[in-house]
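J.: Sending over my_file-v4.cif (mmCIF, C-alpha atoms and all ligand atoms; chains and numbers go by the auth columns).
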```cif
data_work
#
loop_
_atom_site.group_PDB
_atom_site.id
_atom_site.type_symbol
_atom_site.label_atom_id
_atom_site.label_comp_id
_atom_site.label_asym_id
_atom_site.label_seq_id
_atom_site.Cartn_x
_atom_site.Cartn_y
_atom_site.Cartn_z
_atom_site.B_iso_or_equiv
_atom_site.auth_seq_id
_atom_site.auth_asym_id
ATOM 1 C CA MET A 1 39.597 -152.572 168.461 0.00 1 A
ATOM 2 C CA THR A 2 37.176 -154.586 166.381 0.00 2 A
ATOM 3 C CA TRP A 3 36.173 -153.715 162.859 0.00 3 A
ATOM 4 C CA GLN A 4 32.786 -153.851 161.203 0.00 4 A
ATOM 5 C CA ASP A 5 30.620 -156.806 162.325 0.00 5 A
ATOM 6 C CA GLY A 6 33.142 -157.658 165.071 0.00 6 A
ATOM 7 C CA LYS A 7 35.878 -158.634 162.618 0.00 7 A
ATOM 8 C CA ARG A 8 39.412 -158.534 164.039 0.00 8 A
ATOM 9 C CA TRP A 9 41.427 -157.502 160.999 0.00 9 A
ATOM 10 C CA VAL A 10 40.863 -156.376 157.429 0.00 10 A
ATOM 11 C CA TYR A 11 42.045 -157.431 153.984 0.00 11 A
ATOM 12 C CA SER A 12 41.706 -155.405 150.764 0.00 12 A
ATOM 13 C CA VAL A 13 43.275 -155.703 147.324 0.00 13 A
ATOM 14 C CA THR A 14 43.723 -152.955 144.737 0.00 14 A
ATOM 15 C CA TYR A 15 44.543 -152.908 141.021 0.00 15 A
ATOM 16 C CA ASP A 16 46.198 -149.792 139.633 0.00 16 A
ATOM 17 C CA GLU A 17 45.372 -148.598 136.084 0.00 17 A
ATOM 18 C CA GLY A 18 42.037 -150.459 135.702 0.00 18 A
ATOM 19 C CA LEU A 19 43.022 -152.740 132.834 0.00 19 A
ATOM 20 C CA GLU A 20 40.337 -154.599 130.895 0.00 20 A
ATOM 21 C CA ALA A 21 42.272 -157.896 131.157 0.00 21 A
ATOM 22 C CA LEU A 22 41.220 -158.010 134.813 0.00 22 A
ATOM 23 C CA LEU A 23 37.796 -159.158 133.616 0.00 23 A
ATOM 24 C CA ASP A 24 39.068 -162.484 132.222 0.00 24 A
ATOM 25 C CA ASN A 25 41.693 -163.047 134.909 0.00 25 A
ATOM 26 C CA ALA A 26 41.483 -161.529 138.414 0.00 26 A
ATOM 27 C CA VAL A 27 37.713 -160.922 138.408 0.00 27 A
ATOM 28 C CA PRO A 28 36.694 -164.619 138.201 0.00 28 A
ATOM 29 C CA VAL A 29 39.054 -165.348 141.123 0.00 29 A
ATOM 30 C CA HIS A 30 37.386 -162.537 143.081 0.00 30 A
ATOM 31 C CA ARG A 31 33.965 -164.016 142.362 0.00 31 A
ATOM 32 C CA LYS A 32 35.120 -167.480 143.446 0.00 32 A
ATOM 33 C CA TYR A 33 36.321 -166.193 146.839 0.00 33 A
ATOM 34 C CA GLU A 34 33.633 -163.477 147.231 0.00 34 A
ATOM 35 C CA MET A 35 36.416 -160.950 147.534 0.00 35 A
ATOM 36 C CA PRO A 36 35.675 -157.282 146.709 0.00 36 A
ATOM 37 C CA GLY A 37 38.264 -155.556 144.524 0.00 37 A
ATOM 38 C CA HIS A 38 39.340 -151.982 143.903 0.00 38 A
ATOM 39 C CA LEU A 39 40.414 -150.089 140.788 0.00 39 A
ATOM 40 C CA ALA A 40 42.754 -147.073 140.822 0.00 40 A
ATOM 41 C CA LEU A 41 41.675 -145.292 137.634 0.00 41 A
ATOM 42 C CA VAL A 42 43.499 -142.753 135.485 0.00 42 A
ATOM 43 C CA ALA A 43 40.758 -140.264 134.550 0.00 43 A
ATOM 44 C CA SER A 44 41.958 -139.773 130.953 0.00 44 A
ATOM 45 C CA GLN A 45 42.288 -143.533 130.348 0.00 45 A
ATOM 46 C CA LEU A 46 38.806 -145.066 130.528 0.00 46 A
ATOM 47 C CA GLY A 47 37.890 -147.528 127.773 0.00 47 A
ATOM 48 C CA VAL A 48 40.924 -146.646 125.649 0.00 48 A
ATOM 49 C CA VAL A 49 44.243 -148.256 124.774 0.00 49 A
ATOM 50 C CA ARG A 50 46.461 -147.118 127.622 0.00 50 A
ATOM 51 C CA ARG A 51 49.177 -144.646 126.717 0.00 51 A
ATOM 52 C CA ILE A 52 51.331 -142.851 129.301 0.00 52 A
ATOM 53 C CA PRO A 53 52.485 -140.167 128.823 0.00 53 A
ATOM 54 C CA VAL A 54 49.438 -138.941 126.949 0.00 54 A
ATOM 55 C CA GLU A 55 51.551 -136.482 124.897 0.00 55 A
ATOM 56 C CA LEU A 56 51.948 -138.048 121.445 0.00 56 A
ATOM 57 C CA ASP A 57 55.425 -136.605 120.905 0.00 57 A
ATOM 58 C CA GLN A 58 56.777 -138.670 123.803 0.00 58 A
ATOM 59 C CA GLU A 59 57.479 -142.400 123.844 0.00 59 A
ATOM 60 C CA PRO A 60 55.139 -144.601 125.938 0.00 60 A
ATOM 61 C CA ARG A 61 57.046 -145.623 129.065 0.00 61 A
ATOM 62 C CA CYS A 62 54.827 -147.883 131.155 0.00 62 A
ATOM 63 C CA SER A 63 54.801 -151.701 131.088 0.00 63 A
ATOM 64 C CA TYR A 64 50.997 -151.607 130.744 0.00 64 A
ATOM 65 C CA ASP A 65 50.894 -149.203 127.795 0.00 65 A
ATOM 66 C CA GLY A 66 49.147 -150.716 124.780 0.00 66 A
ATOM 67 C CA MET A 67 46.678 -152.662 126.933 0.00 67 A
ATOM 68 C CA MET A 68 42.976 -151.828 126.873 0.00 68 A
ATOM 69 C CA THR A 69 41.550 -150.100 129.934 0.00 69 A
ATOM 70 C CA LEU A 70 38.132 -150.854 131.432 0.00 70 A
ATOM 71 C CA SER A 71 35.224 -148.887 129.988 0.00 71 A
ATOM 72 C CA VAL A 72 32.816 -146.865 132.103 0.00 72 A
ATOM 73 C CA GLU A 73 30.182 -149.597 131.649 0.00 73 A
ATOM 74 C CA GLN A 74 32.611 -152.328 132.755 0.00 74 A
ATOM 75 C CA ILE A 75 33.678 -150.288 135.801 0.00 75 A
ATOM 76 C CA LYS A 76 30.043 -149.712 136.756 0.00 76 A
ATOM 77 C CA MET A 77 29.372 -153.450 136.457 0.00 77 A
ATOM 78 C CA LEU A 78 32.244 -154.212 138.870 0.00 78 A
ATOM 79 C CA CYS A 79 31.039 -151.514 141.282 0.00 79 A
ATOM 80 C CA ALA A 80 27.604 -153.174 141.251 0.00 80 A
ATOM 81 C CA GLU A 81 29.407 -156.355 142.429 0.00 81 A
ATOM 82 C CA GLY A 82 30.968 -154.521 145.374 0.00 82 A
ATOM 83 C CA TRP A 83 34.160 -153.209 143.816 0.00 83 A
ATOM 84 C CA GLY A 84 35.266 -149.637 144.493 0.00 84 A
ATOM 85 C CA VAL A 85 37.416 -147.044 142.776 0.00 85 A
ATOM 86 C CA SER A 86 39.966 -144.347 143.482 0.00 86 A
ATOM 87 C CA ASN A 87 41.337 -141.522 141.380 0.00 87 A
ATOM 88 C CA HIS A 88 44.833 -142.350 140.044 0.00 88 A
ATOM 89 C CA SER A 89 45.273 -138.824 138.555 0.00 89 A
ATOM 90 C CA MET A 90 44.410 -137.395 135.139 0.00 90 A
ATOM 91 C CA THR A 91 47.524 -138.477 133.167 0.00 91 A
ATOM 92 C CA HIS A 92 49.743 -140.462 135.604 0.00 92 A
ATOM 93 C CA PRO A 93 52.676 -138.015 135.713 0.00 93 A
ATOM 94 C CA ALA A 94 55.050 -137.006 138.484 0.00 94 A
ATOM 95 C CA ILE A 95 52.731 -134.918 140.699 0.00 95 A
ATOM 96 C CA THR A 96 54.125 -131.502 141.529 0.00 96 A
ATOM 97 C CA ALA A 97 52.774 -128.274 143.025 0.00 97 A
ATOM 98 C CA GLU A 98 52.418 -127.000 139.444 0.00 98 A
ATOM 99 C CA ASN A 99 50.195 -129.803 138.110 0.00 99 A
ATOM 100 C CA ALA A 100 48.439 -130.861 141.337 0.00 100 A
ATOM 101 C CA HIS A 101 45.281 -128.864 140.612 0.00 101 A
ATOM 102 C CA TYR A 102 44.797 -130.556 137.240 0.00 102 A
ATOM 103 C CA GLU A 103 45.995 -134.015 138.266 0.00 103 A
ATOM 104 C CA VAL A 104 44.321 -134.314 141.668 0.00 104 A
ATOM 105 C CA ILE A 105 41.369 -131.897 141.720 0.00 105 A
ATOM 106 C CA GLU A 106 40.162 -131.591 138.105 0.00 106 A
ATOM 107 C CA SER A 107 40.688 -135.322 137.492 0.00 107 A
ATOM 108 C CA ARG A 108 38.298 -136.107 140.338 0.00 108 A
ATOM 109 C CA LYS A 109 35.557 -134.149 138.574 0.00 109 A
ATOM 110 C CA VAL A 110 36.257 -135.918 135.253 0.00 110 A
ATOM 111 C CA LEU A 111 36.099 -139.333 136.920 0.00 111 A
ATOM 112 C CA GLU A 112 32.984 -138.524 138.942 0.00 112 A
ATOM 113 C CA ASP A 113 31.155 -137.172 135.882 0.00 113 A
ATOM 114 C CA ALA A 114 32.083 -140.258 133.828 0.00 114 A
ATOM 115 C CA LEU A 115 31.204 -142.800 136.527 0.00 115 A
ATOM 116 C CA GLU A 116 28.301 -140.848 138.065 0.00 116 A
ATOM 117 C CA MET A 117 29.582 -141.554 141.562 0.00 117 A
ATOM 118 C CA GLU A 118 31.603 -139.864 144.291 0.00 118 A
ATOM 119 C CA VAL A 119 35.379 -140.567 144.238 0.00 119 A
ATOM 120 C CA ARG A 120 36.989 -139.368 147.473 0.00 120 A
ATOM 121 C CA MET A 121 40.027 -141.659 147.510 0.00 121 A
ATOM 122 C CA PHE A 122 43.201 -140.739 145.601 0.00 122 A
ATOM 123 C CA CYS A 123 45.915 -143.233 144.657 0.00 123 A
ATOM 124 C CA VAL A 124 49.356 -141.657 144.170 0.00 124 A
ATOM 125 C CA PRO A 125 50.693 -142.560 140.698 0.00 125 A
ATOM 126 C CA GLY A 126 54.282 -143.592 140.029 0.00 126 A
ATOM 127 C CA CYS A 127 56.058 -143.558 143.350 0.00 127 A
ATOM 128 C CA ASN A 128 55.910 -142.143 146.852 0.00 128 A
ATOM 129 C CA ASP A 129 58.075 -139.180 145.786 0.00 129 A
ATOM 130 C CA TRP A 130 54.920 -137.505 144.475 0.00 130 A
ATOM 131 C CA TYR A 131 52.963 -138.047 147.698 0.00 131 A
ATOM 132 C CA GLU A 132 53.633 -134.677 149.349 0.00 132 A
ATOM 133 C CA ALA A 133 52.293 -132.693 146.396 0.00 133 A
ATOM 134 C CA VAL A 134 49.071 -134.726 146.558 0.00 134 A
ATOM 135 C CA ARG A 135 48.805 -134.362 150.312 0.00 135 A
ATOM 136 C CA ALA A 136 49.184 -130.596 150.001 0.00 136 A
ATOM 137 C CA VAL A 137 45.929 -130.330 148.019 0.00 137 A
ATOM 138 C CA ALA A 138 44.000 -133.103 149.809 0.00 138 A
ATOM 139 C CA ALA A 139 41.605 -130.765 151.622 0.00 139 A
ATOM 140 C CA GLN A 140 41.021 -128.648 148.531 0.00 140 A
ATOM 141 C CA ALA A 141 40.353 -131.808 146.527 0.00 141 A
ATOM 142 C CA GLY A 142 37.895 -133.065 149.164 0.00 142 A
ATOM 143 C CA LEU A 143 39.778 -136.340 149.611 0.00 143 A
ATOM 144 C CA HIS A 144 38.896 -138.657 152.486 0.00 144 A
ATOM 145 C CA SER A 145 41.927 -140.863 151.884 0.00 145 A
ATOM 146 C CA ILE A 146 45.153 -141.349 149.919 0.00 146 A
ATOM 147 C CA LEU A 147 46.628 -144.697 148.866 0.00 147 A
ATOM 148 C CA THR A 148 50.435 -144.830 148.732 0.00 148 A
ATOM 149 C CA ILE A 149 52.936 -147.597 148.088 0.00 149 A
ATOM 150 C CA TYR A 150 54.566 -147.322 151.511 0.00 150 A
ATOM 151 C CA ASP A 151 54.810 -151.027 152.336 0.00 151 A
ATOM 152 C CA ASP A 152 53.169 -151.563 155.724 0.00 152 A
ATOM 153 C CA ILE A 153 49.902 -152.544 157.362 0.00 153 A
ATOM 154 C CA ASN A 154 47.385 -149.926 158.449 0.00 154 A
ATOM 155 C CA THR A 155 45.639 -149.834 161.824 0.00 155 A
ATOM 156 C CA ALA A 156 42.516 -148.180 163.213 0.00 156 A
ATOM 157 C CA ASP A 157 44.697 -145.151 164.057 0.00 157 A
ATOM 158 C CA THR A 158 46.331 -144.878 160.650 0.00 158 A
ATOM 159 C CA ASP A 159 46.400 -141.485 158.959 0.00 159 A
ATOM 160 C CA LEU A 160 43.752 -141.995 156.252 0.00 160 A
ATOM 161 C CA LEU A 161 45.635 -139.533 154.068 0.00 161 A
ATOM 162 C CA ARG A 162 48.634 -141.901 154.074 0.00 162 A
ATOM 163 C CA LEU A 163 47.309 -145.417 153.649 0.00 163 A
ATOM 164 C CA CYS A 164 49.998 -148.048 153.174 0.00 164 A
ATOM 165 C CA ARG A 165 49.831 -150.883 150.656 0.00 165 A
ATOM 166 C CA ALA A 166 51.713 -154.170 150.475 0.00 166 A
ATOM 167 C CA PRO A 167 53.053 -154.937 147.001 0.00 167 A
ATOM 168 C CA LEU A 168 51.696 -158.296 145.865 0.00 168 A
ATOM 169 C CA HIS A 169 54.588 -158.856 143.499 0.00 169 A
ATOM 170 C CA GLU A 170 56.836 -161.617 142.243 0.00 170 A
ATOM 171 C CA GLU A 171 59.947 -159.784 143.410 0.00 171 A
ATOM 172 C CA TYR A 172 61.315 -156.464 144.618 0.00 172 A
ATOM 173 C CA PRO A 173 63.341 -154.281 142.255 0.00 173 A
ATOM 174 C CA PRO A 174 67.158 -154.503 142.342 0.00 174 A
ATOM 175 C CA PRO A 175 69.280 -154.412 144.445 0.00 175 A
ATOM 176 C CA PHE A 176 66.919 -156.072 146.944 0.00 176 A
ATOM 177 C CA TYR A 177 65.131 -158.935 145.167 0.00 177 A
ATOM 178 C CA SER A 178 62.683 -161.167 146.987 0.00 178 A
ATOM 179 C CA ALA A 179 60.439 -164.131 146.436 0.00 179 A
ATOM 180 C CA TYR A 180 56.656 -163.988 146.302 0.00 180 A
ATOM 181 C CA ASP A 181 55.279 -164.472 149.820 0.00 181 A
ATOM 182 C CA PRO A 182 51.635 -165.519 150.233 0.00 182 A
ATOM 183 C CA TYR A 183 51.864 -164.735 153.982 0.00 183 A
ATOM 184 C CA LYS A 184 53.161 -161.206 153.481 0.00 184 A
ATOM 185 C CA ARG A 185 52.010 -159.008 156.406 0.00 185 A
ATOM 186 C CA LEU A 186 49.028 -161.241 157.204 0.00 186 A
ATOM 187 C CA TYR A 187 50.142 -162.401 160.679 0.00 187 A
ATOM 188 C CA GLN A 188 51.318 -158.865 161.431 0.00 188 A
ATOM 189 C CA ALA A 189 47.791 -157.653 160.676 0.00 189 A
ATOM 190 C CA VAL A 190 46.274 -160.452 162.774 0.00 190 A
ATOM 191 C CA ASP A 191 48.409 -159.531 165.809 0.00 191 A
ATOM 192 C CA ALA A 192 47.895 -155.781 165.421 0.00 192 A
ATOM 193 C CA GLY A 193 44.211 -155.963 164.487 0.00 193 A
ATOM 194 C CA GLY A 194 45.330 -154.181 161.347 0.00 194 A
ATOM 195 C CA TRP A 195 44.382 -153.700 157.744 0.00 195 A
ATOM 196 C CA VAL A 196 46.363 -155.094 154.794 0.00 196 A
ATOM 197 C CA ILE A 197 45.830 -153.430 151.426 0.00 197 A
ATOM 198 C CA ASP A 198 47.506 -155.422 148.666 0.00 198 A
ATOM 199 C CA TYR A 199 48.653 -153.642 145.546 0.00 199 A
ATOM 200 C CA CYS A 200 49.173 -155.029 142.048 0.00 200 A
ATOM 201 C CA HIS A 201 48.096 -154.270 138.479 0.00 201 A
ATOM 202 C CA CYS A 202 46.864 -157.162 136.373 0.00 202 A
ATOM 203 C CA PRO A 203 47.753 -160.744 137.362 0.00 203 A
ATOM 204 C CA LEU A 204 47.826 -163.063 134.338 0.00 204 A
ATOM 205 C CA PRO A 205 47.957 -166.873 134.211 0.00 205 A
ATOM 206 C CA GLY A 206 51.488 -168.240 134.437 0.00 206 A
ATOM 207 C CA LYS A 207 53.191 -164.898 133.834 0.00 207 A
ATOM 208 C CA VAL A 208 53.588 -161.333 134.968 0.00 208 A
ATOM 209 C CA MET A 209 53.738 -158.193 132.874 0.00 209 A
ATOM 210 C CA HIS A 210 56.396 -156.903 135.238 0.00 210 A
ATOM 211 C CA PRO A 211 57.755 -158.822 138.266 0.00 211 A
ATOM 212 C CA TRP A 212 58.073 -155.628 140.348 0.00 212 A
ATOM 213 C CA LYS A 213 54.483 -154.645 139.678 0.00 213 A
ATOM 214 C CA ASP A 214 52.488 -157.873 139.729 0.00 214 A
ATOM 215 C CA CYS A 215 52.096 -161.448 140.803 0.00 215 A
ATOM 216 C CA SER A 216 50.766 -164.212 138.568 0.00 216 A
ATOM 217 C CA LEU A 217 47.091 -165.166 138.627 0.00 217 A
ATOM 218 C CA GLU A 218 48.021 -168.413 140.393 0.00 218 A
ATOM 219 C CA HIS A 219 49.770 -166.432 143.118 0.00 219 A
ATOM 220 C CA LEU A 220 46.773 -164.117 143.442 0.00 220 A
ATOM 221 C CA GLU A 221 44.556 -167.120 144.100 0.00 221 A
ATOM 222 C CA GLU A 222 47.118 -168.541 146.562 0.00 222 A
ATOM 223 C CA ARG A 223 47.079 -165.191 148.368 0.00 223 A
ATOM 224 C CA PHE A 224 43.289 -165.222 148.693 0.00 224 A
ATOM 225 C CA GLU A 225 43.381 -168.790 149.990 0.00 225 A
ATOM 226 C CA MET A 226 46.015 -167.758 152.552 0.00 226 A
ATOM 227 C CA VAL A 227 43.970 -164.732 153.672 0.00 227 A
ATOM 228 C CA LEU A 228 40.976 -167.003 154.292 0.00 228 A
ATOM 229 C CA ARG A 229 43.098 -169.716 155.947 0.00 229 A
ATOM 230 C CA VAL A 230 44.831 -167.250 158.284 0.00 230 A
ATOM 231 C CA GLY A 231 41.758 -165.070 158.747 0.00 231 A
ATOM 232 C CA GLY A 232 38.881 -167.530 159.036 0.00 232 A
ATOM 233 C CA ASP A 233 35.840 -165.749 160.440 0.00 233 A
ATOM 234 C CA ASP A 234 38.008 -162.965 161.882 0.00 234 A
ATOM 235 C CA VAL A 235 38.915 -161.227 158.632 0.00 235 A
ATOM 236 C CA TRP A 236 36.774 -158.527 157.074 0.00 236 A
ATOM 237 C CA LEU A 237 37.150 -158.743 153.280 0.00 237 A
ATOM 238 C CA ALA A 238 36.495 -155.155 152.328 0.00 238 A
ATOM 239 C CA GLU A 239 36.806 -152.597 149.588 0.00 239 A
ATOM 240 C CA PRO A 240 39.069 -149.745 150.797 0.00 240 A
ATOM 241 C CA ASN A 241 36.475 -146.932 150.556 0.00 241 A
ATOM 242 C CA GLU A 242 34.185 -149.019 152.748 0.00 242 A
ATOM 243 C CA VAL A 243 36.900 -149.330 155.396 0.00 243 A
ATOM 244 C CA VAL A 244 37.677 -145.598 155.311 0.00 244 A
ATOM 245 C CA GLU A 245 33.983 -144.774 155.694 0.00 245 A
ATOM 246 C CA TYR A 246 33.756 -147.202 158.608 0.00 246 A
ATOM 247 C CA LEU A 247 36.761 -145.608 160.336 0.00 247 A
ATOM 248 C CA LEU A 248 35.351 -142.111 159.791 0.00 248 A
ATOM 249 C CA SER A 249 32.070 -143.236 161.345 0.00 249 A
ATOM 250 C CA VAL A 250 33.692 -144.625 164.525 0.00 250 A
ATOM 251 C CA ARG A 251 36.406 -142.009 165.115 0.00 251 A
HETATM 252 ZN ZN ZN B . 49.900 -146.329 138.280 0.00 301 A
#
```
Would it be possible to restate this file's structure as structure tokens?
T.:
Amino acid sequence: MTWQDGKRWVYSVTYDEGLEALLDNAVPVHRKYEMPGHLALVASQLGVVRRIPVELDQEPRCSYDGMMTLSVEQIKMLCAEGWGVSNHSMTHPAITAENAHYEVIESRKVLEDALEMEVRMFCVPGCNDWYEAVRAVAAQAGLHSILTIYDDINTADTDLLRLCRAPLHEEYPPPFYSAYDPYKRLYQAVDAGGWVIDYCHCPLPGKVMHPWKDCSLEHLEERFEMVLRVGGDDVWLAEPNEVVEYLLSVR
């Protein structure tokens, strides 16, 4: 199996929540390495101060609450540079059979109307426990792919409705713990001719908002350098929608 333009493996990186602080931090690193990025966007949280849950009678519960999210104009600017987007639900709840229509199907329409582009990739919010409820409405929602946080590489045969992502984090949650690993899954992808999709939120210089959810900006740059060192001319640096569309075209 070779990928587009004869490349032997693929590397992508995704940022959940679409925070505005990406512009001053991760985005310049992307430009330096000519690396396309990807935003998983919550449809109700575009160009606003992030607040999850959206219900005002409940306490905010996410480490990224209180941070500004990217505006429609900023998202369009990144897309013009080769970035892509996925739908990360309407309000970032636990997805169930009861709310799946609103969170997976109606949110797609809201996002597409705001961004004036097609959004056929869904990114499961929260944790993999909510995956099955998303999968159950995938056809109805017209999805071509689903991003999860199952930690693995993907291959040319991967189920596009269950794409795996590798957490690009400072450490795993207890009781496991781990150290940041710039090589994580890269040689596995080289040997398998696979596709690594990294997952983080908003790397910042010298610190992380949450060690289970992010790496530092320095570690992001180290990761990109490692991808290019390990990959050389063999790695296709690609935005995930682009890879899905390529796989659909060759299958
Ligand atoms: Zn999220």
J.: Can you check which parts of region 69-138 of chain A lie within 10 Å of region 155-168 of chain A? Per residue, the shortest pair of atoms and distance in Å to one decimal, counting all atoms listed in the file, sorted by chain and number, as a tab-separated table.
T.:
```
residue	atom	partner	partner_atom	distance
A:Met121	CA	A:Leu161	CA	8.9
A:Phe122	CA	A:Leu161	CA	8.9
A:Cys123	CA	A:Leu163	CA	9.4
A:Val124	CA	A:Arg162	CA	9.9
A:Tyr131	CA	A:Arg162	CA	8.6
A:Glu132	CA	A:Arg162	CA	10.0
A:Val134	CA	A:Leu161	CA	9.6
A:Arg135	CA	A:Leu161	CA	7.1
A:Ala138	CA	A:Leu161	CA	7.9
```
J.: Put those residues in a file: C-alpha atoms, as a PDB file, in the frame of the given file.
T.:
```pdb
ATOM      1  CA  MET A 121      40.027-141.659 147.510  1.00  0.00           C
ATOM      2  CA  PHE A 122      43.201-140.739 145.601  1.00  0.00           C
ATOM      3  CA  CYS A 123      45.915-143.233 144.657  1.00  0.00           C
ATOM      4  CA  VAL A 124      49.356-141.657 144.170  1.00  0.00           C
ATOM      5  CA  TYR A 131      52.963-138.047 147.698  1.00  0.00           C
ATOM      6  CA  GLU A 132      53.633-134.677 149.349  1.00  0.00           C
ATOM      7  CA  VAL A 134      49.071-134.726 146.558  1.00  0.00           C
ATOM      8  CA  ARG A 135      48.805-134.362 150.312  1.00  0.00           C
ATOM      9  CA  ALA A 138      44.000-133.103 149.809  1.00  0.00           C
TER      10      ALA A 138
END
```
J.: If you apply the PyMOL selection byres (((chain A and resi 115) around 9) and not hetatm) to this file, what residues do you get, as a list in words?
T.: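 Answer for the PyMOL selection byres (((chain A and resi 115) around 9) and not hetatm): Val72, Glu73, Ile75, Lys76, Val110, Leu111, Glu112, Asp113, Ala114, Glu116, Met117 and Glu118 of chain A.
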J.: Save out the residues we just selected, C-alpha atoms, as a short mmCIF file (atom, residue, chain, number, x, y, z; two decimals), keeping the file's coordinate frame.
T.:
```
data_model
loop_
_atom_site.label_atom_id
_atom_site.label_comp_id
_atom_site.auth_asym_id
_atom_site.auth_seq_id
_atom_site.Cartn_x
_atom_site.Cartn_y
_atom_site.Cartn_z
CA VAL A 72 32.82 -146.86 132.10
CA GLU A 73 30.18 -149.60 131.65
CA ILE A 75 33.68 -150.29 135.80
CA LYS A 76 30.04 -149.71 136.76
CA VAL A 110 36.26 -135.92 135.25
CA LEU A 111 36.10 -139.33 136.92
CA GLU A 112 32.98 -138.52 138.94
CA ASP A 113 31.16 -137.17 135.88
CA ALA A 114 32.08 -140.26 133.83
CA GLU A 116 28.30 -140.85 138.06
CA MET A 117 29.58 -141.55 141.56
CA GLU A 118 31.60 -139.86 144.29
#
```
J.: Which residues are near ligand ZN 301 (chain A) - at most 10 Å, using only C-alpha atoms and all ligand atoms? Format: as a list of chain:residue names.
T.: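 These are the residues that qualify: A:Tyr15, A:Asp16, A:Glu17, A:Gly18, A:Ala40, A:Leu41, A:Val42, A:Ile52, A:Cys62, A:Tyr64, A:His88, A:Ser89, A:Thr91, A:His92, A:Pro93, A:Cys123, A:Val124, A:Pro125, A:Gly126, A:Cys127, A:Cys200, A:His201, A:Lys213.
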J.: Could you dump the residues just selected with C-alpha atoms as a PDB file, in the coordinates of the input?
T.:
```pdb
ATOM      1  CA  TYR A  15      44.543-152.908 141.021  1.00  0.00           C
ATOM      2  CA  ASP A  16      46.198-149.792 139.633  1.00  0.00           C
ATOM      3  CA  GLU A  17      45.372-148.598 136.084  1.00  0.00           C
ATOM      4  CA  GLY A  18      42.037-150.459 135.702  1.00  0.00           C
ATOM      5  CA  ALA A  40      42.754-147.073 140.822  1.00  0.00           C
ATOM      6  CA  LEU A  41      41.675-145.292 137.634  1.00  0.00           C
ATOM      7  CA  VAL A  42      43.499-142.753 135.485  1.00  0.00           C
ATOM      8  CA  ILE A  52      51.331-142.851 129.301  1.00  0.00           C
ATOM      9  CA  CYS A  62      54.827-147.883 131.155  1.00  0.00           C
ATOM     10  CA  TYR A  64      50.997-151.607 130.744  1.00  0.00           C
ATOM     11  CA  HIS A  88      44.833-142.350 140.044  1.00  0.00           C
ATOM     12  CA  SER A  89      45.273-138.824 138.555  1.00  0.00           C
ATOM     13  CA  THR A  91      47.524-138.477 133.167  1.00  0.00           C
ATOM     14  CA  HIS A  92      49.743-140.462 135.604  1.00  0.00           C
ATOM     15  CA  PRO A  93      52.676-138.015 135.713  1.00  0.00           C
ATOM     16  CA  CYS A 123      45.915-143.233 144.657  1.00  0.00           C
ATOM     17  CA  VAL A 124      49.356-141.657 144.170  1.00  0.00           C
ATOM     18  CA  PRO A 125      50.693-142.560 140.698  1.00  0.00           C
ATOM     19  CA  GLY A 126      54.282-143.592 140.029  1.00  0.00           C
ATOM     20  CA  CYS A 127      56.058-143.558 143.350  1.00  0.00           C
ATOM     21  CA  CYS A 200      49.173-155.029 142.048  1.00  0.00           C
ATOM     22  CA  HIS A 201      48.096-154.270 138.479  1.00  0.00           C
ATOM     23  CA  LYS A 213      54.483-154.645 139.678  1.00  0.00           C
TER      24      LYS A 213
END
```
J.: Which residues are close to Cys79 (chain A), i.e. within 10 Å by all atoms listed in the file, leaving aside same-chain residues fewer than 2 positions away? Reply as a list in words.
T.: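 That gives Pro36, Gly37, His38, Leu39, Glu73, Gln74, Ile75, Lys76, Met77, Glu81, Gly82, Trp83, Gly84, Val85 and Leu115 of chain A.
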J.: What does the PyMOL selection byres (((chain A and resi 186-198) around 9) and not hetatm) select in this file, as a VMD selection string?
T.: chain A and resid 1 to 3 7 to 15 152 to 156 163 to 168 182 to 185 199 to 200 226 to 227 230 to 231 234 to 235 240 243
